[in-house]
Structures are given as C-alpha cells and as structure tokens.
Amino acid sequence: MDEESEVIRLEALCKELYESQDAGARAEAEKALVSFQNSPESLGKCQRLLDRGNSPYAQLLATTTITKLISRSTQTLNLGQRIDIRNYVLTYLWSQPKLPQFVVQGLVTLFSRITKLGWFDSEKDEFVFRAVITDVTKFLQGSAEHCMMGVQLLSQLTCEMNQISEADASRSLTKHRKIASSFRDTQLFEIFQLSSTLLRTALENKNNLDFNDSAQHGLMTQLLRLAHNCLTFDFIGTSTDESSDDLCTVQIPTAWRPAFLEYATLQLFFDLYSSLPASLSPLALSCLVQIASVRRSLFNNAERGKFLNQLVSGVRKILQNPQDLSDPNNYHEFCRLLARLKSNYQLGELVMVDNYQESIQLMAKFTVESLQMWQFAPNSIHYLLSLWQRMVASVPYVKATEPHLLETYTPEVTHAYITSRLESVAVVVRDGLEDPLEDLGMVGQQLDQLSVIGRCEYSKTCQLLVQLFDTYAREYQELCSNHATPEVELKTAEGRLTWLVYIIGSAVGGRVSFNSNEDHDAMDGELVCRVLQLMQLTDSRLSQGGCEKLELALLSFFEQFRKIYIGDQVQKTSKVYRRLSEVLGLNDESMVLSVIIRKVITNLKYWGACELIISKTLQLLSDLSVGYGTVRKLVKLEEVGFLLSNHTAEHYPFLGVNVGVTEMRCRSMFYTSLGRLLMVDLGEDEDKFEAFMIPLTSAFESLGQVLAAGGYNSEEVRKTVIGLARDLRGIAFAFNTKTSYMMLFDWIYPTYTPILQRAVEIWFQDPQVTTPILKLFAELVQNRSQRLQFDVSSPNGILLFREASKIICTYGNRILDVIVSKDQMYPLKLKGISICFSMLKAALCGSYVNFGVFRLYGDEALDNALNTFVKLLLSIPQTDLLDYPKLSQTYYVLLECLAQDHMAFLATLEPQVFLYILASISEGLQALDTMVCTGCCATLDHIVTYLFKKVTNKVWEGKKSRGNSQTSPENDPLVAVIKMRPEILQQMLQTVLNIIMFEDCRNQWSMSRPLLGLILLNEDYFQNLRDQIIASQQADKRAAMMTWFENLMEGIERNLLTKNRDRFTQNLSVFRRDINDSLKGPNVTTATSVNDMMTS
C-alpha cells in the first residue's frame, strides 16, 4: 500500500473510532491505530495527516503519535528533527487559527513536551528550545484566536514543566527538577508578568469586551489559567498533595518580591473578580487563594502587615457585596481564600489590620449564613470551619494588645452549626434527601473542627447543648411511649439526637489538658450523663429494633470519652466522675468501664447483622484492652468474666454461620481483645485456658468428624472453617508471651493442624477459605516479642516449621494449576502466594529453628518449602512482582532473608531460576518503594559477596588437599551462570551508578554496599563505563570528572572486608556530592547528556 492510500485508511479508521456506533468496529479501529502509533515509520505519515487536514480526528492522532514518539526514553529523533517538529507545530497553529479546540490542545501539548525534553539541548552554544516568549510574541500580537493560542502555549508549557509525566517517571527525577528549576529561574516570572500585563489590559478595556463571544471568553479563560498555572508552580520540588491544599504555602522565589510588594498585583485579581462574569470570576479567586498563601518569609514584618491589610480589605469588600457568591464556584473558591487567611498568617497579625472588627463580624455573618444554608455547597463548609478552628486554637498564643473578639463571634458560629444540623434532619426525612450523617468521613472531619471551635466560650456551648438535648430527648421519650407515633416523627427525633450525641462527643474530645479547668470538666459531666441516660432508653428498645445511625453516634461518643477520661493519665478526682456519681451512681472509672462493656455486649448481641456497628464496637473493645491500667480494671468486672466464658454464636450472632463471609472479618479483632483480657491473669493456668477454648475445641472436633466423613459440600462447614481460622488468628496475635503461646501451640498441634491442612486441600481454589488459614499460620510462625524461644531440648521449633512447610506446599502445589483471568489474578492467586512468602520469611528469620538439622537427618520440610517457593515465583509474571505492592514487599523481604541465610540454596538453583531472581532484583533497584529498593540492595550485596568469595578463593587448593568438599569456583553453578551472562551484573552496576550519580537517591548507604562488589567483579567494564562518562563531558569538565572517579577508588583494596566497604561508602558520598554540585552549576548541559547515555 502506498503512503497516500495508507493515510486515507488512517483517516477512515479515526472516523470509525470516534463516530462508529458498532463497538466491535471501534475496537478493531483502535487496535489498528495503536499498532500505527507504535510503528517506527509513523512520523512521515503523521505529517501527511496534518498537511491534508481533512479530519480533526486524524489531526489529533498525528499530534498524539508524535508526542509519544518524542516522549520515549530511548530517543529516536535527532536534534534537527525535533527543531523541525517544533517549528512545524508553530507554523501550523499560526496558519490554522480556526482548528477545533481538542486539536489545538494536542498541538500545544506536543510543543510543550518537545520544549521540556529539549530544554538543555544546545546548538552553537545556544539553547535552541528556550526562546519560548519570542516564539509566542507573534501569536499574542495577532487576532483573538491567535492570541488565545499563544497564551495556551505558555499555559501548557508551565503545566508541562511542573508535572511529572509518564515519560519523566521512566527518566531521572533529578533531571525533571533541573529542567523545572531552570525554567523557573529563566522564564516563569517573565511569563507571570506577561499574564498580569495582558489581564490588566483586558481589565482596562472591559467595556469593549463581549464575553458572550467565544473567542474573547476563551482568551480570558486562558489568561487566567496561565496566571493560575504560574502561581501553582511547584517552585521547590515538594510535589505537595493537592488534597491537602488548605495547608499549602506557595514558595514564591525572592526574585518575584517586587510583584507582590506593589499593591497593583493583588488589587488586579480583586478587580478581575468584581468585573468578570460568573463563568470567569472563580479563576480570579483561585489566583487570589495562591497569592494569599505566599510564603511569610518573602516579606519583612512591616511589608507582611501591609500586604495582609490589602488582602483583608479586598476580602471585606467581597463580604460587603456578597451577591456574586451565589455562584457555587465563586463561593467555594472564596471559602478557600478565607481559610488561607489563618493558615498563612497569625491571629496576632490579623487583629492589627484596619477595620478588623468589621472584617471579623462580616466573616462570622458569612459563616453563620453558610452553615444555615446547609444544602448549598456542603463541600465548602470545611474551609470555613478550618478558619475558625485555627483562630480559636491560636488564642492562647496571641500577644497583640488589640482584642480578637473571638469570644463574641465564635459562639455564633458554634450555635449556627449545631442548630443548622438539627434543622436539616426534618427536611432530609421529609423529602428523602441524601443524609449528611451517612458520610461518616465528612461528619468526622467537621466534628474534629467543631471540637476546637466549641471550646471557645465553652459554657455557652454546653448551655446550648444541654438545652437542646433536654428538649429533644424529652420529645423522643414521649414518642417512644406512644405506640401510634408516625415513623417520620420518630426518625426525625432519632436524627436530631444522633447529631447531638456526635456533637457532644466532639465537645468532650476537644478538651486539652493545658487549657481546661474544673468547671469545664463539670460541664462535660452534665453532657456525659445525658448521653448515658439516652443510651439506657435506646438499649431498652433494641428488642423492637433500634436506630443504626444513633448507635454509631454513641460509639463515636464512647471513643471520645475513652481518649479523654479513661486511662492511667486521667485524674481520678475529675469533676466528670463527681457529676456521674451524683446523677447515675457511677463513682469511678471502673463503674463507667462496666457501663461501656455492657454496651459492647448489648451491641454484639443485637446488632450482629450490621457489620459497621459490630466493627466499631469491637474497635472500642480493642482500644480498651490495650491500656495497661485499663485492662487490669476490666478483668475484675463481671461483664468481662461473662464475655470470656460465653463467646458463642448463641450469645453473639456474628460468631455464627448465618452471617456473610465479609462480616466474619471482625472475629479476629474480637478474639484479639478477648486474648488480651484472658492473658492478664492467665499465668500458667492451663485449666483456665482450656475452659476459654471450649467453644473452639468443640467446633474443631465436630469439623474434624465432618471432614473425615466427606461432608464438606455444605456452606455451613465452609463458614465454620473460615470462622475458626479467624478466631485462632486473633488469639495467636494476642498471645505474645512464651507461656501463653505454648498453651495455644500444644492445643492446636498435633490435634487440629491436620484439619486445617485438609481444609486447604479441599478449598484451595477459594481465597475466602485459604486466606484466613494462611494468615493464621503466618501469625503462628511470627516470633513476636520473642515468644518462640523454645527450651534447648524442645523440638517445637522444628515441629512448627514442619507444619508451616506442609501448609505452604499443600496450597502452593495446588494453586499452581489454577487458571485465572488477569483481572482476578491478585485476589484469586497472588494474594495467597504473597501470604505464603510472608509466612516463609517469618519462619526463616524467626531464629527458633536450626535449619541445618533438616538436611542432616534427611527431613525434606525445608527443601520442600523452598522448592515450592521457586515454583510459585516462576508462575508469577515478572511485571506482577512490582505491580502489586503487597506482593513485592513480601517477595523482596523473603529474597533478602534467603540471600542472607540460605545462599547455599540459591547457589543450587537452575540457571533460568537464578536469572529470573537477578532480573527481579534489577527491576527492584529502580522501584519507587524505598523499602523494596533497599531490600534489593541488601540481597544483591549478599549475592555479589558470595560470588566474589568464590571467584577470589585463593586458599581453595589448600582446602582441597585437606579433603575439604568445598566446590571449586569453576564448578560453582552460580559462578557459571554469571560467566555465561556477565551483562546482567554489568547492567546492575550501571543502574546503581546511574541512580547514585544522577537521581534522587534516598538510600545512598544501601546502594553503596553492593556497588563495591559489582565494581570488583567487573573491573574492566567499570573502566570502560567510567571512560564513556568522562568522554561525554565537555572538554573543560573532563579533568574534574576523571579526578572524582579516581577519588572514588582511592585507598580501596580488592576485598569486601567491612573496613574497606566503609571507606568506599565514605568515598562514594563525596563523589555524589561533587557530581551534584557540578550539576547545580550554571552549565548543566553535560550532565544531561551523561544522564541520557546512562538511561538509554
């Protein structure tokens, strides 16, 4: 097919992809176009597609294809070609101003990418891609369409420089930062000034502008975006998390000071906000949010005060004329702007601004009105509460003489929040709206903020809460006693009380020790009494059905109460307990604990069908069982004695087989808590342990009989296995002493481990069964708190490892034959394999088994486990090892353990297996997860050390003459593999050196350890690599680079003794520092070329 026909075919395929109604045809078209994009001859055809200009879809295909082509880490286009493409794009945009917007965006992205990647490319001592503003000036002086394109070019370039694309991710992060920093220092301020000038010109001519005209509206949008992109630039390479933007400080360079010291810049964006229509004004506010967040150190104290004064003055004017804030986008951005006032400035500075009293009054009024309009922009409330929370939290530190007036206005905010939430309930119930209480994350966030706000003038907060609670609790009591109550009224009453219980919990949780007094504690006592009285009423009605949301609120309240008023650090004379004693007869902490445990038992009994209530109830029990003093008080309670004696499905339905499998996850946490409580007074009392285990013993006995009889087809049996495995894992986790663990081990082995092994044989394809069993064994082999220190004459360590080995082999050998789809690979297969790796690692590193014994006595348990590991490993595609973080973490720590203690095993592996492991190490060295990368360094170090010792073993002949059976270097299989494929270690040497020299190396010490061994094993290759790097430098830099390499190896001997390694590590640190200092210098062209050479 000639080129013309091929281009016509591509246009037809593009049309089919974007316009066809037939999914099959679209899929075929996509497949063909992806093939085209990956073909090496695509560049010329892309130009033909653009030149023809018959189809916008074909134009988009051409631009994205070229963008991908230039983004590849292996650069296939020379400098001349890339300059031609850049010039072609600019000419094409200029000649076709009416292109569809998506095609323009594609071309603009291509221009930005080619500019960024070629930022350090020079020709005749001139940086060829840096004349950006000169290139764009022609566009800015043209028609509205041309001007918009020019602004778009600058805007996209600023974005491109700021973000790490996929192309950058495969390159050096340091190189990305060098480009971004150079762009920041040489171009960004000029671009920002240009955007400000153009915006000012537009503002001056606003009467002549028609924002209904798409070209003029588009130009204004692009200008504001350009200014915003400049202000959101990542100036110092911190890559802040955008989700936490309320904590952000904009690190404006010092060179930008003049722009922010003059009143005009700040005023420009306030004027733009007031002059532009609602479709554009939010962008002006977004820019103001960034300007308000400029780092404090940009100004001295006087300048900062003046700047803040202007800022607050602008905010005050918006609040005086709030009509534009009816637009949700304007409103949201303005709320963000208010939050930044306090996140970046101190309360002592805010009170000094002109007209502070009017400003704080207007902010309070705006906040109160916003809270009352609870349905309008609920996601913006967070920012308003954040402003008041931070101001209240600052009160103890204010040294200013001016009054802050928060004691006047904060109670208004608190009152508005509480009353508006209560008023919302009736509307939500009546109209069937989405209930804010169902978004527990947002409720929790707002209550955290309210807990601080409400503590300002706390007496007013408590007075309001007591008054409202008494009113609504009385109303609820009356509704409950009247059996003819309409359901709507009952739901409304429950909803109001739910909000009040949540708010009371947050009020109690807001107590801070350094700023509290006895009067506040007495007020807390009033609130707590009311919640406990309400709980008595709701619990009495549970047999008729309860309110799930109210129960969750009660649990949240108890969690807050536990943090503040239960524990070793709480003063026992607290007025909270005095009030509880007077009203409810609860004299001390133990009696309150008794109430909480009764609530836990009640919830476990009545709410078995609600997983959320059960999990939060068990979390409360777990938190209580952790405290040293608290747990000792708990075990003296009758309620806890009841729990420890009656943990069966009869009392707690969630322990039965009638619940869903996902709801059974709670059982491990339940038994962990029971295990902690049991251990307090357990000591060596085996009878007490046996009594506690009776329900599990009987369940295992009956399960064993059923499985022996072949009756495992029922769902009940399957769920019994899952439940027992989860229960035992919880107990095993809690039993972290030698005595308690031995009781559990003697109970489970050898009686019940065969049952669990049989269950794995039956349900090996079902991860809902195998995962709990595998996790149980992974917990049993975990030497937590040195609990597995068996006596010298005890075989228990070996017996335990045997059982783990059996489970690994039973599961591993069967799961190998299971075929699963790619999307189900992790849950159905890799998750179980990952737990096996974790189990094997814990057993190998637990220091309670002498592994030499196995081979000595012909026991195959160790070999079977290790061979199964190899089979499982080879069944995993190499890419999956790093694609699934949990799998990569378990695999690499196990590999490090094997390389450290079982190198003899690795040395006997088949060549293809060992090469697979080396390839996985090579990938892991470049992993983003530092733990994986560090583990790979340690593993590689052990392997390289082993190889070096084998290769340089000079005393081998002597040992041979004394009859030693040690393998000669020539016969060592590992040495043979490396001799057969020397490029593998050479590639790793290059990778490690590249990371240390040019990348953001966060684990330099770890990287240095294998590097010396790699150099000593590949001395010739290292010399060649060194020579290449030196030769790639500019002439004036070569001598320095040669000196740094000579210093790197200065004083280094040909051995891997610790002293020699430490010296090399010190040399490497200096070497890296010298390289980095050089790269930071004014002439960084050389560094990039070396870096490209190293990563190609």
# chains A, B, ... in the order shown; residues from 1 in each chain; ligands from 1
>>> residues_around(residues="region 314-319 of chain A", least_positions_apart="4", cutoff="7 Å", atoms="only C-alpha atoms", output="VMD selection string")
chain A and resid 270 310 359 362
>>> write_last_selection(atoms="C-alpha atoms", output="PDB file, in the first residue's frame")
ATOM      1  CA  PHE A 270      -9.793  41.506  43.197  1.00  0.00           C
ATOM      2  CA  GLN A 310      -4.662  44.873  51.474  1.00  0.00           C
ATOM      3  CA  SER A 359     -13.951  42.161  58.985  1.00  0.00           C
ATOM      4  CA  LEU A 362     -18.601  40.032  58.313  1.00  0.00           C
TER       5      LEU A 362
END
>>> select_by_dssp(residues="region 95-126 of chain A", states="alpha helix (DSSP H)", output="PyMOL selection string")
chain A and resi 95+101-117
>>> residues_around(residues="region 757-771 of chain A", least_positions_apart="3", cutoff="8 Å", atoms="only C-alpha atoms", output="PDB file with N, CA, C and O atoms, in the first residue's frame")
ATOM      1  N   VAL A 661     -19.655 -13.799  54.674  1.00  0.00           N
ATOM      2  CA  VAL A 661     -18.228 -14.073  54.881  1.00  0.00           C
ATOM      3  C   VAL A 661     -17.462 -12.773  55.179  1.00  0.00           C
ATOM      4  O   VAL A 661     -16.566 -12.751  56.026  1.00  0.00           O
ATOM      5  N   LEU A 707     -15.333 -33.481  58.120  1.00  0.00           N
ATOM      6  CA  LEU A 707     -14.384 -33.575  57.012  1.00  0.00           C
ATOM      7  C   LEU A 707     -13.940 -35.014  56.790  1.00  0.00           C
ATOM      8  O   LEU A 707     -13.746 -35.451  55.644  1.00  0.00           O
ATOM      9  N   ARG A 718     -18.032 -24.767  55.357  1.00  0.00           N
ATOM     10  CA  ARG A 718     -17.069 -23.810  54.805  1.00  0.00           C
ATOM     11  C   ARG A 718     -16.940 -22.597  55.720  1.00  0.00           C
ATOM     12  O   ARG A 718     -15.833 -22.159  56.050  1.00  0.00           O
ATOM     13  N   VAL A 721     -15.027 -23.293  58.950  1.00  0.00           N
ATOM     14  CA  VAL A 721     -13.568 -23.273  58.760  1.00  0.00           C
ATOM     15  C   VAL A 721     -13.066 -21.826  58.766  1.00  0.00           C
ATOM     16  O   VAL A 721     -12.087 -21.487  59.452  1.00  0.00           O
ATOM     17  N   ILE A 722     -13.727 -20.960  57.998  1.00  0.00           N
ATOM     18  CA  ILE A 722     -13.309 -19.556  57.907  1.00  0.00           C
ATOM     19  C   ILE A 722     -13.331 -18.911  59.294  1.00  0.00           C
ATOM     20  O   ILE A 722     -12.369 -18.244  59.705  1.00  0.00           O
ATOM     21  N   THR A 753      -4.053 -29.115  63.552  1.00  0.00           N
ATOM     22  CA  THR A 753      -3.385 -28.647  62.318  1.00  0.00           C
ATOM     23  C   THR A 753      -3.725 -29.522  61.103  1.00  0.00           C
ATOM     24  O   THR A 753      -3.882 -28.984  59.998  1.00  0.00           O
ATOM     25  N   PRO A 754      -3.871 -30.870  61.261  1.00  0.00           N
ATOM     26  CA  PRO A 754      -4.248 -31.669  60.081  1.00  0.00           C
ATOM     27  C   PRO A 754      -5.618 -31.269  59.513  1.00  0.00           C
ATOM     28  O   PRO A 754      -5.850 -31.360  58.311  1.00  0.00           O
ATOM     29  N   LEU A 774      -4.080 -19.344  55.817  1.00  0.00           N
ATOM     30  CA  LEU A 774      -2.679 -18.966  55.567  1.00  0.00           C
ATOM     31  C   LEU A 774      -2.248 -17.842  56.516  1.00  0.00           C
ATOM     32  O   LEU A 774      -1.131 -17.854  57.050  1.00  0.00           O
ATOM     33  N   LYS A 775      -3.135 -16.878  56.755  1.00  0.00           N
ATOM     34  CA  LYS A 775      -2.793 -15.786  57.675  1.00  0.00           C
ATOM     35  C   LYS A 775      -2.644 -16.297  59.105  1.00  0.00           C
ATOM     36  O   LYS A 775      -1.815 -15.775  59.865  1.00  0.00           O
ATOM     37  N   LYS A 806       4.232 -27.738  55.434  1.00  0.00           N
ATOM     38  CA  LYS A 806       3.135 -28.550  54.878  1.00  0.00           C
ATOM     39  C   LYS A 806       2.062 -27.657  54.266  1.00  0.00           C
ATOM     40  O   LYS A 806       1.556 -27.931  53.177  1.00  0.00           O
ATOM     41  N   ILE A 807       1.697 -26.589  55.014  1.00  0.00           N
ATOM     42  CA  ILE A 807       0.645 -25.689  54.519  1.00  0.00           C
ATOM     43  C   ILE A 807       1.095 -24.996  53.236  1.00  0.00           C
ATOM     44  O   ILE A 807       0.342 -24.900  52.256  1.00  0.00           O
ATOM     45  N   THR A 810       1.089 -27.648  50.484  1.00  0.00           N
ATOM     46  CA  THR A 810      -0.282 -28.069  50.167  1.00  0.00           C
ATOM     47  C   THR A 810      -0.964 -27.011  49.306  1.00  0.00           C
ATOM     48  O   THR A 810      -1.571 -27.322  48.280  1.00  0.00           O
ATOM     49  N   TYR A 811      -0.856 -25.757  49.737  1.00  0.00           N
ATOM     50  CA  TYR A 811      -1.506 -24.682  48.995  1.00  0.00           C
ATOM     51  C   TYR A 811      -0.752 -24.393  47.695  1.00  0.00           C
ATOM     52  O   TYR A 811      -1.348 -24.323  46.612  1.00  0.00           O
ATOM     53  N   ARG A 814      -1.020 -26.801  44.673  1.00  0.00           N
ATOM     54  CA  ARG A 814      -2.357 -26.861  44.059  1.00  0.00           C
ATOM     55  C   ARG A 814      -2.706 -25.574  43.325  1.00  0.00           C
ATOM     56  O   ARG A 814      -3.305 -25.591  42.268  1.00  0.00           O
ATOM     57  N   ILE A 815      -2.328 -24.439  43.915  1.00  0.00           N
ATOM     58  CA  ILE A 815      -2.709 -23.150  43.296  1.00  0.00           C
ATOM     59  C   ILE A 815      -1.970 -22.944  41.979  1.00  0.00           C
ATOM     60  O   ILE A 815      -2.432 -22.185  41.116  1.00  0.00           O
ATOM     61  N   VAL A 818      -4.160 -23.628  39.002  1.00  0.00           N
ATOM     62  CA  VAL A 818      -5.416 -22.872  38.858  1.00  0.00           C
ATOM     63  C   VAL A 818      -5.226 -21.779  37.805  1.00  0.00           C
ATOM     64  O   VAL A 818      -4.285 -21.006  37.873  1.00  0.00           O
ATOM     65  N   PRO A 827      -6.597 -11.249  43.608  1.00  0.00           N
ATOM     66  CA  PRO A 827      -7.441 -11.801  44.682  1.00  0.00           C
ATOM     67  C   PRO A 827      -7.496 -13.322  44.709  1.00  0.00           C
ATOM     68  O   PRO A 827      -7.579 -13.915  45.785  1.00  0.00           O
ATOM     69  N   LEU A 828      -7.463 -13.965  43.529  1.00  0.00           N
ATOM     70  CA  LEU A 828      -7.645 -15.421  43.496  1.00  0.00           C
ATOM     71  C   LEU A 828      -6.342 -16.207  43.619  1.00  0.00           C
ATOM     72  O   LEU A 828      -6.350 -17.383  43.955  1.00  0.00           O
ATOM     73  N   LYS A 829      -5.211 -15.571  43.334  1.00  0.00           N
ATOM     74  CA  LYS A 829      -3.971 -16.340  43.286  1.00  0.00           C
ATOM     75  C   LYS A 829      -2.803 -15.648  43.990  1.00  0.00           C
ATOM     76  O   LYS A 829      -2.197 -16.192  44.915  1.00  0.00           O
ATOM     77  N   LYS A 831      -2.559 -13.123  46.018  1.00  0.00           N
ATOM     78  CA  LYS A 831      -2.699 -12.774  47.437  1.00  0.00           C
ATOM     79  C   LYS A 831      -2.280 -13.946  48.315  1.00  0.00           C
ATOM     80  O   LYS A 831      -1.527 -13.784  49.281  1.00  0.00           O
ATOM     81  N   GLY A 832      -2.756 -15.144  47.969  1.00  0.00           N
ATOM     82  CA  GLY A 832      -2.378 -16.348  48.733  1.00  0.00           C
ATOM     83  C   GLY A 832      -0.885 -16.612  48.638  1.00  0.00           C
ATOM     84  O   GLY A 832      -0.233 -16.969  49.642  1.00  0.00           O
ATOM     85  N   ILE A 835       0.982 -14.286  50.907  1.00  0.00           N
ATOM     86  CA  ILE A 835       0.933 -14.683  52.326  1.00  0.00           C
ATOM     87  C   ILE A 835       1.896 -15.850  52.570  1.00  0.00           C
ATOM     88  O   ILE A 835       2.554 -15.916  53.611  1.00  0.00           O
TER      89      ILE A 835
END
>>> atom_distance(atom1="CA of Lys206 (chain A)", atom2="CA of Leu153 (chain A)")
23.8 Å
>>> residues_around(residues="Ala493 (chain A)", least_positions_apart="4", cutoff="9 Å", atoms="only C-alpha atoms", output="list in words")
Val425, Ala426, Tyr472, Ala473, Glu475, Tyr476, Leu479, Val488, Glu489, Leu497 and Thr498 of chain A
>>> closest_residue(among="A:Lys549, A:Arg496, A:Arg113, A:His332", to="Val289 (chain A)", atoms="only C-alpha atoms")
A:His332
>>> atom_distance(atom1="CA of Glu41 (chain A)", atom2="CA of Cys14 (chain A)")
18.2 Å
>>> atom_distance(atom1="CA of Cys809 (chain A)", atom2="CA of Ile773 (chain A)")
13.6 Å
>>> closest_residue(among="A:Thr538, A:Thr648, A:Gln101, A:Thr934", to="Glu494 (chain A)", atoms="only C-alpha atoms")
A:Thr538
>>> residues_around(residues="region 862-866 of chain A", least_positions_apart="5", cutoff="12 Å", atoms="only C-alpha atoms", output="PyMOL selection string")
chain A and resi 798-813+836-837+839-841+843-844+849-857+871-873+894-895+898+902-906+908-909
>>> residues_around(residues="Tyr397 (chain A)", least_positions_apart="6", cutoff="12 Å", atoms="only C-alpha atoms", output="list in words")
Gln346, Leu347, Gly348, Glu349, Arg390, Met391, His404 and Asn515 of chain A
>>> decode(residues="region 773-788 of chain A", atoms="N, CA and C atoms", output="PDB file, in the first residue's frame")
ATOM      1  N   ILE A 773      -6.746 -19.121  56.693  1.00  0.00           N
ATOM      2  CA  ILE A 773      -5.894 -20.207  57.187  1.00  0.00           C
ATOM      3  C   ILE A 773      -4.419 -19.851  57.004  1.00  0.00           C
ATOM      4  N   LEU A 774      -4.080 -19.344  55.817  1.00  0.00           N
ATOM      5  CA  LEU A 774      -2.679 -18.966  55.567  1.00  0.00           C
ATOM      6  C   LEU A 774      -2.248 -17.842  56.516  1.00  0.00           C
ATOM      7  N   LYS A 775      -3.135 -16.878  56.755  1.00  0.00           N
ATOM      8  CA  LYS A 775      -2.793 -15.786  57.675  1.00  0.00           C
ATOM      9  C   LYS A 775      -2.644 -16.297  59.105  1.00  0.00           C
ATOM     10  N   LEU A 776      -3.441 -17.305  59.469  1.00  0.00           N
ATOM     11  CA  LEU A 776      -3.293 -17.911  60.802  1.00  0.00           C
ATOM     12  C   LEU A 776      -1.898 -18.518  60.957  1.00  0.00           C
ATOM     13  N   PHE A 777      -1.453 -19.291  59.969  1.00  0.00           N
ATOM     14  CA  PHE A 777      -0.120 -19.912  60.061  1.00  0.00           C
ATOM     15  C   PHE A 777       0.988 -18.855  59.978  1.00  0.00           C
ATOM     16  N   ALA A 778       0.757 -17.813  59.171  1.00  0.00           N
ATOM     17  CA  ALA A 778       1.751 -16.733  59.114  1.00  0.00           C
ATOM     18  C   ALA A 778       1.884 -16.059  60.478  1.00  0.00           C
ATOM     19  N   GLU A 779       0.788 -16.003  61.232  1.00  0.00           N
ATOM     20  CA  GLU A 779       0.827 -15.433  62.585  1.00  0.00           C
ATOM     21  C   GLU A 779       1.504 -16.408  63.563  1.00  0.00           C
ATOM     22  N   LEU A 780       1.215 -17.693  63.422  1.00  0.00           N
ATOM     23  CA  LEU A 780       1.783 -18.691  64.343  1.00  0.00           C
ATOM     24  C   LEU A 780       3.305 -18.751  64.246  1.00  0.00           C
ATOM     25  N   VAL A 781       3.865 -18.552  63.056  1.00  0.00           N
ATOM     26  CA  VAL A 781       5.328 -18.656  62.895  1.00  0.00           C
ATOM     27  C   VAL A 781       6.024 -17.311  63.172  1.00  0.00           C
ATOM     28  N   GLN A 782       5.241 -16.284  63.522  1.00  0.00           N
ATOM     29  CA  GLN A 782       5.799 -14.960  63.781  1.00  0.00           C
ATOM     30  C   GLN A 782       6.374 -14.906  65.201  1.00  0.00           C
ATOM     31  N   ASN A 783       7.675 -14.651  65.309  1.00  0.00           N
ATOM     32  CA  ASN A 783       8.321 -14.649  66.637  1.00  0.00           C
ATOM     33  C   ASN A 783       8.151 -13.281  67.296  1.00  0.00           C
ATOM     34  N   ARG A 784       6.892 -12.908  67.531  1.00  0.00           N
ATOM     35  CA  ARG A 784       6.597 -11.600  68.116  1.00  0.00           C
ATOM     36  C   ARG A 784       6.984 -11.590  69.589  1.00  0.00           C
ATOM     37  N   SER A 785       7.659 -10.527  70.009  1.00  0.00           N
ATOM     38  CA  SER A 785       8.088 -10.353  71.410  1.00  0.00           C
ATOM     39  C   SER A 785       8.872 -11.568  71.923  1.00  0.00           C
ATOM     40  N   GLN A 786       9.610 -12.218  71.017  1.00  0.00           N
ATOM     41  CA  GLN A 786      10.449 -13.375  71.382  1.00  0.00           C
ATOM     42  C   GLN A 786       9.644 -14.483  72.055  1.00  0.00           C
ATOM     43  N   ARG A 787       8.380 -14.655  71.612  1.00  0.00           N
ATOM     44  CA  ARG A 787       7.527 -15.662  72.254  1.00  0.00           C
ATOM     45  C   ARG A 787       7.897 -17.085  71.841  1.00  0.00           C
ATOM     46  N   LEU A 788       8.699 -17.210  70.775  1.00  0.00           N
ATOM     47  CA  LEU A 788       9.046 -18.551  70.269  1.00  0.00           C
ATOM     48  C   LEU A 788      10.434 -18.993  70.717  1.00  0.00           C
TER      49      LEU A 788
END
